[in-house]
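J.: This is the structure, below, for whatever I ask next.
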Amino acid sequence: MASDTSAAILGTGSYVPERRLTNADLEKTLNTSDEWITTRTGIKERRIAADGEVTSDMCLKAAQLALKDAGLTPEALDLIIIATLTPDQPMPSTGCILQQKLGLGEKGVPGFDLNAACSGYLYALSCAKAHIESGMAKTVLVVGAEALSRIVDYQDRGTCILFGDGAGAAVVGLPREGRPAHRIKSVHLWADGRGGEQLIIPAGGARQPASHASVDERLHYVRVNGREVFRFGVTKMVEMIQRQMAEHDLKAEDIGLIVPHQANIRILDSATERLGLPPELFFTNLEQYGNTSGASVPLALDEAARQGRIPQGKAVLLLGFGAGLTWASALLEW
Ligand code: COA
């Protein structure tokens, strides 16, 4: 049972758009094949936001479900944090847009965005935990959401096969009598800016503002050094799991589920093999959604919970890694 002074996840929710982009669809426009994509990544299809559907719309749907799961209404919130690299626009923040969509404008509830790419949800979870445990906030909405289809180059077969859209949310607060609460025991964040070029959208910011030339050169799209990022992902997954297990004296049988960032099945397989952990401890849904960056971990956590994949009382490990380079882990008591 969670203690009264530790922040806990009180409810989760997620949303994915209806439209599917399958490997067969990509075969029609690119020099690629279902066989190549499946064996190299494990991904079969991704969801794509509808025309006019933006990140804050997906945030709203995931947030409403998380609030319902927690048995709370938006009025309970006193902080909103959105982890995204695809905000509705550079300003105002998607946090403020979501705040208004939740009907909290008049109340003045603060909302902001945070960009730690695929580690973003865990960075946001650490902020929520710190706000709650310091007494600065009581109930925090954390959302990881992305409309990556808007920043992916569908002419680049090396990247567009990887990414999809979606959102996942958690309501974080202190445990309440008679309600489920999943204590956030620890969150660790890391970054190494030296690897910034490995995973980058070169233009559209202060360094290379939008111009005819930047658009012509397709610099507003995601660029990935696949091999480097692959190696980085495996190394950091292994390090983070080993560290959390050592720090909390966990054996494999104490872990209910590991919910990793859903980047590539081969990254997960390599890490699992190096660690000697049973593959069934790792939750995956990348086959259906691809890499949804900031949405990846909360979407997977919510699906795992809904599918009854997380045994009560066991440890749950959340793991993220991505642009920055950033990486992060969290340990929950389910
Ligand atoms: N279909 C067919 N061939 C493709 C292809 C596709 N969709 N994408 C790339 N190729 C080709 C390349 O052009 C290359 O051809 P060449 O040898 O003639 O030059 C060949 O396949 C091998 O490319 P490579 O990039 O070495 O493949 P890989 O095994 O490293 O797989 C990724 C590429 C992107 C799938 C893999 O590196 C990866 O998943 N990396 C991690 C990326 C990621 O997850 N980033 C986000 C993390 S947060």
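Each chain in the structure tokens gets a letter, A, B, ..., in the order shown, and its residues are numbered from 1; ligands are numbered from 1 in order too.
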Could you list, as a list in words, all the residues within 6 Å of ligand 1, counting only C-alpha atoms and all ligand atoms?

T.: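 Those residues are Thr32, Ser33, Trp36, Ile37, Arg40, Thr41, Cys118, Arg157, Gly158, Ile161, Gly226, Arg227, Val229, Phe230, Ala263, Asn264, Phe321 and Gly322 of chain A.
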
J.: Would you output that residue set with all heavy atoms, as a compact mmCIF listing (two decimals), in the first residue's frame?

T.:
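out_10.txt, written as the output of this step:
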```
# COMPACT_ATOMS: atom_id res chain seq x y z
N THR A 32 10.21 -0.23 -50.26
CA THR A 32 10.35 -0.98 -49.01
C THR A 32 9.42 -2.18 -49.07
O THR A 32 8.70 -2.37 -50.04
CB THR A 32 10.02 -0.08 -47.79
OG1 THR A 32 10.40 -0.76 -46.60
CG2 THR A 32 8.55 0.29 -47.71
N SER A 33 9.46 -3.00 -48.03
CA SER A 33 8.57 -4.17 -48.01
C SER A 33 8.13 -4.45 -46.58
O SER A 33 8.83 -4.11 -45.62
CB SER A 33 9.30 -5.39 -48.57
OG SER A 33 10.36 -5.73 -47.69
N TRP A 36 10.84 -6.38 -44.85
CA TRP A 36 11.99 -5.59 -44.34
C TRP A 36 11.60 -4.87 -43.04
O TRP A 36 12.30 -4.94 -42.05
CB TRP A 36 12.46 -4.57 -45.38
CG TRP A 36 13.82 -3.98 -45.07
CD1 TRP A 36 15.02 -4.39 -45.55
CD2 TRP A 36 14.11 -2.89 -44.16
NE1 TRP A 36 16.04 -3.64 -45.01
CE2 TRP A 36 15.52 -2.71 -44.15
CE3 TRP A 36 13.34 -2.06 -43.35
CZ2 TRP A 36 16.16 -1.74 -43.38
CZ3 TRP A 36 13.97 -1.09 -42.57
CH2 TRP A 36 15.36 -0.93 -42.60
N ILE A 37 10.46 -4.19 -43.08
CA ILE A 37 10.06 -3.38 -41.92
C ILE A 37 9.82 -4.30 -40.71
O ILE A 37 10.27 -4.02 -39.59
CB ILE A 37 8.80 -2.54 -42.22
CG1 ILE A 37 9.05 -1.60 -43.40
CG2 ILE A 37 8.38 -1.74 -40.99
CD1 ILE A 37 7.81 -0.87 -43.91
N ARG A 40 13.21 -5.79 -39.41
CA ARG A 40 14.15 -4.80 -38.86
C ARG A 40 13.59 -4.03 -37.67
O ARG A 40 14.34 -3.47 -36.88
CB ARG A 40 14.55 -3.76 -39.92
CG ARG A 40 15.28 -4.30 -41.11
CD ARG A 40 16.64 -4.84 -40.71
NE ARG A 40 17.30 -5.43 -41.86
CZ ARG A 40 18.36 -4.91 -42.46
NH1 ARG A 40 18.91 -3.81 -42.00
NH2 ARG A 40 18.89 -5.50 -43.50
N THR A 41 12.25 -3.94 -37.56
CA THR A 41 11.69 -3.08 -36.50
C THR A 41 10.60 -3.76 -35.65
O THR A 41 10.34 -3.32 -34.54
CB THR A 41 11.03 -1.81 -37.10
OG1 THR A 41 9.83 -2.19 -37.80
CG2 THR A 41 11.95 -1.08 -38.04
N CYS A 118 11.48 11.13 -26.58
CA CYS A 118 10.88 9.84 -26.18
C CYS A 118 11.02 9.57 -24.68
O CYS A 118 10.41 8.64 -24.17
CB CYS A 118 11.49 8.70 -26.99
SG CYS A 118 11.41 9.00 -28.75
N ARG A 157 12.47 6.46 -46.45
CA ARG A 157 12.08 5.12 -45.98
C ARG A 157 12.80 4.71 -44.70
O ARG A 157 12.36 3.81 -44.00
CB ARG A 157 12.34 4.08 -47.07
CG ARG A 157 13.81 3.89 -47.39
CD ARG A 157 14.01 2.83 -48.43
NE ARG A 157 15.45 2.62 -48.67
CZ ARG A 157 15.95 1.67 -49.40
NH1 ARG A 157 15.15 0.82 -49.99
NH2 ARG A 157 17.25 1.54 -49.55
N GLY A 158 13.92 5.39 -44.39
CA GLY A 158 14.66 5.04 -43.17
C GLY A 158 14.00 5.56 -41.90
O GLY A 158 14.28 5.07 -40.81
N ILE A 161 8.93 4.81 -41.63
CA ILE A 161 8.39 3.50 -41.23
C ILE A 161 8.29 3.37 -39.71
O ILE A 161 7.57 2.52 -39.21
CB ILE A 161 9.29 2.36 -41.76
CG1 ILE A 161 10.74 2.57 -41.25
CG2 ILE A 161 9.26 2.31 -43.28
CD1 ILE A 161 11.59 1.35 -41.28
N GLY A 226 20.10 5.88 -37.53
CA GLY A 226 19.49 4.64 -37.03
C GLY A 226 20.42 3.75 -36.25
O GLY A 226 20.11 3.32 -35.15
N ARG A 227 21.61 3.51 -36.81
CA ARG A 227 22.53 2.56 -36.15
C ARG A 227 23.01 3.07 -34.80
O ARG A 227 23.08 2.33 -33.83
CB ARG A 227 23.73 2.29 -37.04
CG ARG A 227 23.36 1.33 -38.15
CD ARG A 227 24.54 0.92 -38.96
NE ARG A 227 24.04 0.33 -40.19
CZ ARG A 227 24.80 -0.14 -41.15
NH1 ARG A 227 26.10 -0.08 -41.03
NH2 ARG A 227 24.26 -0.67 -42.21
N VAL A 229 21.55 5.33 -32.84
CA VAL A 229 20.45 5.40 -31.88
C VAL A 229 20.09 3.99 -31.42
O VAL A 229 19.76 3.77 -30.25
CB VAL A 229 19.23 6.13 -32.49
CG1 VAL A 229 18.04 6.08 -31.56
CG2 VAL A 229 19.58 7.58 -32.80
N PHE A 230 20.20 3.04 -32.30
CA PHE A 230 19.94 1.64 -31.95
C PHE A 230 20.89 1.20 -30.83
O PHE A 230 20.47 0.68 -29.80
CB PHE A 230 20.14 0.77 -33.20
CG PHE A 230 19.67 -0.64 -33.02
CD1 PHE A 230 18.45 -1.04 -33.53
CD2 PHE A 230 20.45 -1.58 -32.36
CE1 PHE A 230 18.01 -2.36 -33.36
CE2 PHE A 230 20.02 -2.89 -32.18
CZ PHE A 230 18.80 -3.28 -32.69
N ALA A 263 10.42 1.53 -29.42
CA ALA A 263 11.14 2.05 -30.60
C ALA A 263 11.32 0.98 -31.65
O ALA A 263 11.03 1.20 -32.83
CB ALA A 263 12.49 2.62 -30.18
N ASN A 264 11.82 -0.17 -31.24
CA ASN A 264 12.19 -1.20 -32.20
C ASN A 264 12.26 -2.53 -31.44
O ASN A 264 12.92 -2.60 -30.40
CB ASN A 264 13.56 -0.84 -32.81
CG ASN A 264 14.01 -1.81 -33.86
OD1 ASN A 264 13.83 -3.02 -33.73
ND2 ASN A 264 14.60 -1.29 -34.93
N PHE A 321 14.07 6.45 -23.82
CA PHE A 321 15.33 6.94 -24.37
C PHE A 321 15.02 7.61 -25.70
O PHE A 321 14.11 7.20 -26.40
CB PHE A 321 16.35 5.81 -24.55
CG PHE A 321 15.86 4.69 -25.43
CD1 PHE A 321 16.05 4.72 -26.81
CD2 PHE A 321 15.18 3.62 -24.89
CE1 PHE A 321 15.58 3.70 -27.61
CE2 PHE A 321 14.70 2.58 -25.70
CZ PHE A 321 14.90 2.63 -27.06
N GLY A 322 15.76 8.67 -26.00
CA GLY A 322 15.48 9.34 -27.27
C GLY A 322 16.32 10.59 -27.47
O GLY A 322 17.40 10.73 -26.89
```

J.: Using DSSP secondary structure from the backbone, list all alpha helix (DSSP H) positions within range 11-180 of chain A, as number ranges by chain.

T.: A: 23-29, 34-41, 55-70, 94-101, 120-133

J.: For Cys127 in chain A, find every residue with an atom within 12 Å (counting only C-alpha atoms), except residues of its own chain fewer than 4 positions away, and show them as a PyMOL selection string.

T.: chain A and resi 7+79-83+112-114+120-123+131-134+136-137+139-142+172-173+184+186-189

J.: Calculated over only C-alpha atoms, which of the candidates A:Ile310, A:Ala328, A:Leu65, A:Val297 has the smallest distance to Ser14 in chain A?

T.: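 Of A:Ile310, A:Ala328, A:Leu65, A:Val297, the one nearest Ser14 in chain A, counting only C-alpha atoms, is A:Leu65.
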
J.: Give me the range 49-152 of chain A side of the contact with range 285-293 of chain A, cut-off 12 Å, one line per residue showing its nearest atom pair and distance in Å at one decimal, counting only C-alpha atoms, sorted by chain and residue number, as a tab-separated table.

T.:
```
residue	atom	partner	partner_atom	distance
A:Ala49	CA	A:Thr292	CA	11.7
A:Thr55	CA	A:Thr292	CA	11.8
A:Ala83	CA	A:Ser293	CA	9.3
A:Thr84	CA	A:Ser293	CA	8.0
A:Leu85	CA	A:Ser293	CA	8.2
A:Thr86	CA	A:Ser293	CA	9.7
A:Asn115	CA	A:Ser293	CA	10.6
A:Ala116	CA	A:Ser293	CA	9.4
A:Ala117	CA	A:Ser293	CA	6.0
A:Cys118	CA	A:Ser293	CA	4.1
A:Ser119	CA	A:Ser293	CA	7.6
A:Gly120	CA	A:Ser293	CA	8.0
A:Tyr121	CA	A:Ser293	CA	9.0
A:Leu122	CA	A:Ser293	CA	11.5
A:Val143	CA	A:Ser293	CA	12.0
A:Gly144	CA	A:Ser293	CA	8.2
A:Ala145	CA	A:Thr292	CA	7.8
A:Glu146	CA	A:Thr292	CA	6.4
A:Ala147	CA	A:Thr292	CA	8.2
A:Leu148	CA	A:Thr292	CA	7.1
A:Ser149	CA	A:Thr292	CA	9.6
A:Val152	CA	A:Thr292	CA	11.6
```

J.: For Ile97 in chain A, please output as a ChimeraX atom specification all residues within 12 Å (counting only C-alpha atoms; exclusion window: fewer than 2 positions along the same chain).

T.: /A:54-60,80-82,87-95,99-105,109-113

J.: Can you pull out the residues contacting Ala181 in chain A? Cut-off 12 Å, using only C-alpha atoms, and skip same-chain residues under 4 positions away; I want them as an MDAnalysis selection string.

T.: chainID A and resid 1:4 6:12 69:71 170:177 185 312:313 332:334

J.: Tell me, as an MDAnalysis selection string, which residues lie within 10 Å of Gln244 in chain A, counting only C-alpha atoms; anything in the same chain fewer than 3 positions away does not count.

T.: chainID A and resid 186:188 239:241 247:250 317 329:331

J.: I need the residue nearest Lys314 in chain A from this list: A:Ala203, A:Ile255, A:Ala124, A:Ile267. Use only C-alpha atoms for the distance.

T.: A:Ile255

J.: Nearest to Val16 in chain A among A:Leu301, A:Ala295, A:Leu257, A:Ala76, with distances taken over only C-alpha atoms: which residue is it?

T.: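 That would be A:Ala295, the residue with the smallest distance to Val16 in chain A.
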